[in-house]
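Trainee: Dropping a structure here in structure tokens format, bear with me for questions.
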Amino acid sequence: MELIIIGLLGGLITGISPCILPVLPVIFLTGGAQSARFEGDAAPLPARRSRPYLVIAGLVTSFTLVTLAGSLLLGALNLPQDVIRWVGIAVLVLIGVGLLVPRFEQLLEKPFQWLPRREVANRGSGFAVGLALGAVFVPCAGPVLAAIIVAGATGRIGIDTVALTASFAIGVAIPLLGFALAGRGLIERIKAFRTRERGLRVAAGVAMLALAVGLVFNVPQLLQRFVPDYTAQLQRDLTAGDAAAEALNLGGIVTDENRELDNCTNGATELESCGTAPGIRGIDAWLNTPDGGGIDLADLRGHVVLIDFWAYSCINCQRSIPHVVAWDDAYRDAGLQVIGIHSPEYAFEKDAQNVAAGARDFGIEYPVALDNSLSTWTNYRNRYWPAHYLIDADGTVRHISFGEGNYAATEAMIRELLVDADADAALPAATDVTDDTPEAGSRTPETFLGSSKFVNYAGGGRYGGEQTFGYPEAQPADSFALTGDWDVESQFATPTGDDGGIRLFYRAAEVRVVLAGEGRVDVTIDGKPSPSLDVGGTPRSYELVSADRSSEGVIEVTVPAGVQAYSFTFG
């Protein structure tokens with residue numbers, strides 16, 4: 001019941017957020033639009049009394065199905081993840097043109113003429129309009145929706161997930177239905193609307209076509225960045241309590257298998273007891289195991305196990321991995337089993353050869369599981385790269401550490417558990433790996449250049465697609481800007497001309513850039529030339545700055561055509 005209430009309230013808040021603004025005109029106008037006059041019709045058919053309800057029912061139905069099962073279905077069919085969105089946009093265009101051109105609407109109805117006249121297509125209904133809107137509706141991703149999306153993307157769809165999704169969708173539907181009913185009521189009460197049905201249909205058609213065009217060019221995303229999210233604090237307040245946090249942990253839906261992980265304190269200096277370790281599941285492939293075989297934690301009873309969630313292009317993981325490799329070398333013979341769970345941030349990190357190359361570069365010899373669907377990530381309700389879960393010889397999680405640091409305490413607990421498992425264990429001296437964890441707030445946050453995750457772009461206007469960019473006259477700290485002709489894809493940016501420039505204002509001791517493709521990238525730091533980067537092959541991280549202490553600076557890179565720029569990382 002608590003999950004349903006949280007979902008319902010989360011949906012209600014979302015239903016009055018700025019994210020609904022792009023679909024509001026369509027919902028308002030189609031709630032009362034009349035159907036076209038056809039041959040043999042004495043007058044235009046009035047909209048059914050149920051039309052507003054059907055519009056919202058269609059929206060809720062398609063939004064729920066797309067959110068829960070769309071990603072899994074498209075993956076199974078090897079189709080692009082945005083195909084449903086494009087189909088929804090196409091349907092909006094067809095319906096919009098049909099509202100503007102009655103003869104075209106007749107053409108759309110021809111395949112359904114075998115049905116009884118009163119049931120043909122969408123005359124007086126609105127369910128199809130709602131279905132199209134639901135496929136393109138992108139509500140603000142608060143904590144409730146985040147939990148639903150993770151569950152849908154990773155396939156962990158159980159009764160709790162369905163209940164949460166349904167209650168969230170109903171919550172969103174309530175205010176939207178109010179707008180649809182308001183549209184119908186206004187049209188019914190104002191005589192001018194009743195006598196100008198053609199103008200109303202044209203307005204509804206124009207609204208649909210405008211929404212479709214806006215979606216193609218990501219206009220709603222741009223508008224939402226300029227409209228303050230006045231519901232953000234409400235979303236945070238809704239999920240601030242312990243009960244809500246337990247039910248909506250952002251790493252995934254809470255289950256009996258992972259519920260006791262909450263007993264562990266992040267970065268504790270003493271062992272705790274946090275329940276039996278959740279299983280390793282949904283793995284695409286294994287590296288560094290006999291014949292590529294999988295590992296079952298149940299078969300490792302008697303061993304101390306360290307599970308390390310990582311991604312090979314993540315700079316935080318790159319600083320953490322030397323510690324994990326050192327622990328594996330030092331304590332493997334004493335009974336420690338390290339397992340790396342490679343959970344990708346980027347699409348290119350799902351490639352087994354790329355991960356294998358990264359593992360070799362880091363000197364990783366312990367087993368690595370490719371968790372491309374984030375199934376194990378979700379089973380552990382994880383949210384961080386890197387993350388360490390320490391499991392004792394009885395299979396109980398005894399320590400959790402998120403992010404960088406806390407290495408000395410983690411190693412001390414590894415040693416303690418090894419002695420608990422075997423009192424006669426001969427342990428070597430503690431490892432001596434420098435802790436390079438930067439001080440909090442001392443560096444620029446990770447900077448993504450793809451359109452799906454950018455957060456500190458300093459240029460004006462829309463960010464995404466093919467366009468010409470220019471550096472701003474004034475650029476704030478911890479930001480980037482582009483110049484030249486670029487194609488900004490969801491995960492990377494690449495020049496469409498001969499080359500393009502990126503200017504980065506940073507604070508860090510170490511700066512790296514993730515690049516792929518073929519070409520030479522020229523670099524200047526604080527206006528002075530720096531060694532160029534020879535880029536070749538699959539995406540990897542290239543060093544730009546390496547110093548003993550953090551400082552501020554400006555980096556400009558000239559990226560040639562044929563090279564893709566993914567992100568900047570900082571240390």
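If you're wondering about the labels, chains in the structure tokens are A, B, ... by order shown, residues count from 1 in each chain, ligands from 1 in order shown.
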Find the residues near Thr524 in chain A: any atom within 7 Å, counting only C-alpha atoms, skip ones fewer than 3 places away on the same chain, and give them as a list in words.
Mentor: Gly527, Lys528, Pro529, Ser530, Ile555, Glu556 and Val557 of chain A
Trainee: Take the residues that were just selected and, keeping all heavy atoms, output them as a tab-separated table (two decimals), in the first residue's frame.
Mentor:
```tsv
chain	number	residue	atom	x	y	z
A	527	GLY	N	46.57	28.32	-23.27
A	527	GLY	CA	47.09	29.04	-24.43
A	527	GLY	C	48.41	28.52	-24.96
A	527	GLY	O	48.90	29.01	-25.99
A	528	LYS	N	49.00	27.52	-24.33
A	528	LYS	CA	50.29	26.99	-24.77
A	528	LYS	C	50.11	25.61	-25.39
A	528	LYS	O	49.36	24.78	-24.84
A	528	LYS	CB	51.25	26.90	-23.59
A	528	LYS	CG	51.54	28.26	-22.94
A	528	LYS	CD	52.47	28.09	-21.74
A	528	LYS	CE	52.75	29.44	-21.08
A	528	LYS	NZ	53.62	29.30	-19.87
A	529	PRO	N	50.78	25.32	-26.51
A	529	PRO	CA	50.64	24.02	-27.16
A	529	PRO	C	51.08	22.88	-26.23
A	529	PRO	O	52.04	23.01	-25.46
A	529	PRO	CB	51.57	24.12	-28.37
A	529	PRO	CG	51.72	25.59	-28.62
A	529	PRO	CD	51.67	26.23	-27.26
A	530	SER	N	50.37	21.79	-26.31
A	530	SER	CA	50.67	20.59	-25.53
A	530	SER	C	50.78	19.43	-26.50
A	530	SER	O	50.28	19.53	-27.64
A	530	SER	CB	49.55	20.35	-24.51
A	530	SER	OG	49.87	19.30	-23.63
A	555	ILE	N	41.59	24.27	-21.18
A	555	ILE	CA	42.07	23.33	-22.20
A	555	ILE	C	41.26	23.55	-23.47
A	555	ILE	O	40.03	23.65	-23.43
A	555	ILE	CB	41.92	21.86	-21.75
A	555	ILE	CG1	42.79	21.59	-20.53
A	555	ILE	CG2	42.27	20.90	-22.87
A	555	ILE	CD1	42.59	20.19	-19.95
A	556	GLU	N	41.95	23.64	-24.60
A	556	GLU	CA	41.28	23.68	-25.89
A	556	GLU	C	41.81	22.53	-26.73
A	556	GLU	O	43.03	22.35	-26.85
A	556	GLU	CB	41.52	25.01	-26.60
A	556	GLU	CG	40.85	26.19	-25.90
A	556	GLU	CD	40.87	27.46	-26.75
A	556	GLU	OE1	40.59	27.36	-27.95
A	556	GLU	OE2	41.20	28.53	-26.19
A	557	VAL	N	40.90	21.73	-27.26
A	557	VAL	CA	41.29	20.62	-28.12
A	557	VAL	C	40.65	20.83	-29.50
A	557	VAL	O	39.51	21.27	-29.60
A	557	VAL	CB	40.88	19.25	-27.53
A	557	VAL	CG1	41.62	18.97	-26.25
A	557	VAL	CG2	39.39	19.17	-27.29
```
Trainee: Running DSSP on the backbone, which parts of range 294-436 of chain A land in alpha helix (DSSP H), as a PyMOL selection string?
Mentor: chain A and resi 315-331+352-362+375-379+407-421
Trainee: For Gly205 in chain A, which residue among A:Gly275, A:Gly465, A:Gly497, A:Gly96 is the nearest when counting only C-alpha atoms?
Mentor: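 Among the listed residues, the smallest separation from Gly205 in chain A belongs to A:Gly96.
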Trainee: Could you jot down the CA of Phe348 in chain A to CA of Glu365 in chain A separation for me, Å, one decimal place?
Mentor: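 For CA of Phe348 in chain A relative to CA of Glu365 in chain A, the distance reads 21.7 Å.
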Trainee: Based on DSSP run over this structure's backbone, return all residues of range 457-491 of chain A in strand (DSSP E), as number ranges by chain.
Mentor: A: 465-469, 479-488
Trainee: Put those residues in a file: N, CA and C atoms, as a PDB file, in the first residue's frame.
Mentor:
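Printed below is again14.pdb as written:
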```
ATOM      1  N   GLY A 465      22.170  17.134 -31.987  1.00  0.00           N
ATOM      2  CA  GLY A 465      21.984  17.114 -33.429  1.00  0.00           C
ATOM      3  C   GLY A 465      23.107  17.812 -34.166  1.00  0.00           C
ATOM      4  N   GLU A 466      22.909  18.018 -35.473  1.00  0.00           N
ATOM      5  CA  GLU A 466      23.903  18.684 -36.308  1.00  0.00           C
ATOM      6  C   GLU A 466      23.649  20.186 -36.312  1.00  0.00           C
ATOM      7  N   GLN A 467      24.661  20.945 -35.945  1.00  0.00           N
ATOM      8  CA  GLN A 467      24.528  22.392 -35.951  1.00  0.00           C
ATOM      9  C   GLN A 467      25.903  23.039 -35.847  1.00  0.00           C
ATOM     10  N   THR A 468      25.916  24.351 -36.036  1.00  0.00           N
ATOM     11  CA  THR A 468      27.154  25.119 -35.920  1.00  0.00           C
ATOM     12  C   THR A 468      27.208  25.776 -34.550  1.00  0.00           C
ATOM     13  N   PHE A 469      28.325  25.592 -33.863  1.00  0.00           N
ATOM     14  CA  PHE A 469      28.504  26.128 -32.513  1.00  0.00           C
ATOM     15  C   PHE A 469      29.530  27.259 -32.524  1.00  0.00           C
ATOM     16  N   SER A 479      32.985  24.236 -16.978  1.00  0.00           N
ATOM     17  CA  SER A 479      32.048  24.127 -18.094  1.00  0.00           C
ATOM     18  C   SER A 479      32.820  23.883 -19.389  1.00  0.00           C
ATOM     19  N   PHE A 480      32.073  23.489 -20.434  1.00  0.00           N
ATOM     20  CA  PHE A 480      32.678  23.294 -21.740  1.00  0.00           C
ATOM     21  C   PHE A 480      31.833  24.005 -22.792  1.00  0.00           C
ATOM     22  N   ALA A 481      32.448  24.277 -23.937  1.00  0.00           N
ATOM     23  CA  ALA A 481      31.737  24.861 -25.072  1.00  0.00           C
ATOM     24  C   ALA A 481      32.362  24.319 -26.351  1.00  0.00           C
ATOM     25  N   LEU A 482      31.615  24.369 -27.437  1.00  0.00           N
ATOM     26  CA  LEU A 482      32.074  23.882 -28.734  1.00  0.00           C
ATOM     27  C   LEU A 482      32.162  25.035 -29.720  1.00  0.00           C
ATOM     28  N   THR A 483      32.991  24.853 -30.753  1.00  0.00           N
ATOM     29  CA  THR A 483      33.011  25.766 -31.875  1.00  0.00           C
ATOM     30  C   THR A 483      33.165  24.954 -33.144  1.00  0.00           C
ATOM     31  N   GLY A 484      32.548  25.436 -34.222  1.00  0.00           N
ATOM     32  CA  GLY A 484      32.589  24.710 -35.489  1.00  0.00           C
ATOM     33  C   GLY A 484      31.323  23.904 -35.713  1.00  0.00           C
ATOM     34  N   ASP A 485      31.357  23.101 -36.754  1.00  0.00           N
ATOM     35  CA  ASP A 485      30.208  22.267 -37.128  1.00  0.00           C
ATOM     36  C   ASP A 485      30.344  20.895 -36.469  1.00  0.00           C
ATOM     37  N   TRP A 486      29.321  20.514 -35.698  1.00  0.00           N
ATOM     38  CA  TRP A 486      29.352  19.278 -34.931  1.00  0.00           C
ATOM     39  C   TRP A 486      28.052  18.498 -35.104  1.00  0.00           C
ATOM     40  N   ASP A 487      28.168  17.198 -34.944  1.00  0.00           N
ATOM     41  CA  ASP A 487      27.004  16.320 -34.815  1.00  0.00           C
ATOM     42  C   ASP A 487      27.036  15.770 -33.394  1.00  0.00           C
ATOM     43  N   VAL A 488      26.111  16.229 -32.556  1.00  0.00           N
ATOM     44  CA  VAL A 488      26.069  15.798 -31.157  1.00  0.00           C
ATOM     45  C   VAL A 488      25.095  14.635 -31.048  1.00  0.00           C
TER      46      VAL A 488
END
```
Trainee: Neighbours of Ala565 in chain A within 8 Å (only C-alpha atoms; same-chain residues fewer than 6 positions away dropped), as a PyMOL selection string?
Mentor: chain A and resi 449+492-494+513-516+559
Trainee: What would the file look like if the residues just selected were written as a JSON list (two decimals), in the first residue's frame with N, CA, C and O atoms?
Mentor:
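Output contents, as saved in out-v6.json:
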```json
[["chain", "number", "residue", "atom", "x", "y", "z"],
["A", 449, "LEU", "N", 29.93, 14.73, -23.20],
["A", 449, "LEU", "CA", 29.75, 15.52, -24.41],
["A", 449, "LEU", "C", 28.57, 15.05, -25.25],
["A", 449, "LEU", "O", 28.20, 15.72, -26.21],
["A", 492, "PHE", "N", 28.14, 10.88, -27.72],
["A", 492, "PHE", "CA", 29.40, 11.52, -28.10],
["A", 492, "PHE", "C", 29.11, 12.68, -29.06],
["A", 492, "PHE", "O", 27.99, 12.86, -29.55],
["A", 493, "ALA", "N", 30.15, 13.45, -29.32],
["A", 493, "ALA", "CA", 30.08, 14.53, -30.30],
["A", 493, "ALA", "C", 31.21, 14.33, -31.30],
["A", 493, "ALA", "O", 32.33, 13.96, -30.93],
["A", 494, "THR", "N", 30.94, 14.59, -32.59],
["A", 494, "THR", "CA", 31.96, 14.43, -33.62],
["A", 494, "THR", "C", 31.81, 15.55, -34.65],
["A", 494, "THR", "O", 30.68, 15.94, -34.98],
["A", 513, "VAL", "N", 40.51, 12.65, -21.33],
["A", 513, "VAL", "CA", 39.41, 12.74, -22.29],
["A", 513, "VAL", "C", 39.21, 11.37, -22.93],
["A", 513, "VAL", "O", 40.17, 10.67, -23.25],
["A", 514, "VAL", "N", 37.96, 10.96, -23.08],
["A", 514, "VAL", "CA", 37.62, 9.69, -23.72],
["A", 514, "VAL", "C", 37.33, 9.95, -25.18],
["A", 514, "VAL", "O", 36.40, 10.71, -25.52],
["A", 515, "LEU", "N", 38.13, 9.33, -26.06],
["A", 515, "LEU", "CA", 38.03, 9.54, -27.50],
["A", 515, "LEU", "C", 37.99, 8.21, -28.23],
["A", 515, "LEU", "O", 38.46, 7.19, -27.72],
["A", 516, "ALA", "N", 37.47, 8.22, -29.45],
["A", 516, "ALA", "CA", 37.46, 7.04, -30.31],
["A", 516, "ALA", "C", 37.60, 7.50, -31.76],
["A", 516, "ALA", "O", 37.46, 8.69, -32.07],
["A", 559, "VAL", "N", 39.47, 18.77, -32.58],
["A", 559, "VAL", "CA", 39.12, 17.39, -32.91],
["A", 559, "VAL", "C", 38.89, 17.28, -34.41],
["A", 559, "VAL", "O", 38.04, 17.99, -34.96]]
```
Trainee: For Asn372 in chain A, please output as a list in words all residues within 10 Å (counting only C-alpha atoms; exclusion window: fewer than 5 positions along the same chain).
Mentor: Thr154, Gly282, Ile283, Asp284, Ala285, Ile341, His342, Ser343, Pro344, Glu345, Tyr346, Ala347, Glu349, Lys350, Asp351, Ala352 and Trp377 of chain A
Trainee: Quick one, how far is CA of Tyr566 in chain A from CA of Trp86 in chain A?
Mentor: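 Between CA of Tyr566 in chain A and CA of Trp86 in chain A the gap is 24.8 Å.
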Trainee: Would you pick out the contacts of Ser541 in chain A at 12 Å or less, using only C-alpha atoms, so that residues sharing its chain but fewer than 4 positions from it are not included, and give the list as a list in words?
Mentor: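 The filter keeps Ala311, Tyr312, Ser313, Cys314, Ile315, Gln318, Asn354, Gly358, Asp361, Val511, Arg512, Val513, Val514, Leu515, Ala516, Leu533, Asp534, Val535, Gly536, Gly537, Ala565, Tyr566, Ser567, Phe568, Thr569 and Phe570 of chain A.
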Trainee: Counting only C-alpha atoms, which of A:Gly98, A:Gly267, A:Gly470, A:Gly571 gets nearest to Leu390 in chain A?
Mentor: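 When distances to Leu390 in chain A are compared using only C-alpha atoms, the smallest one comes from A:Gly267.
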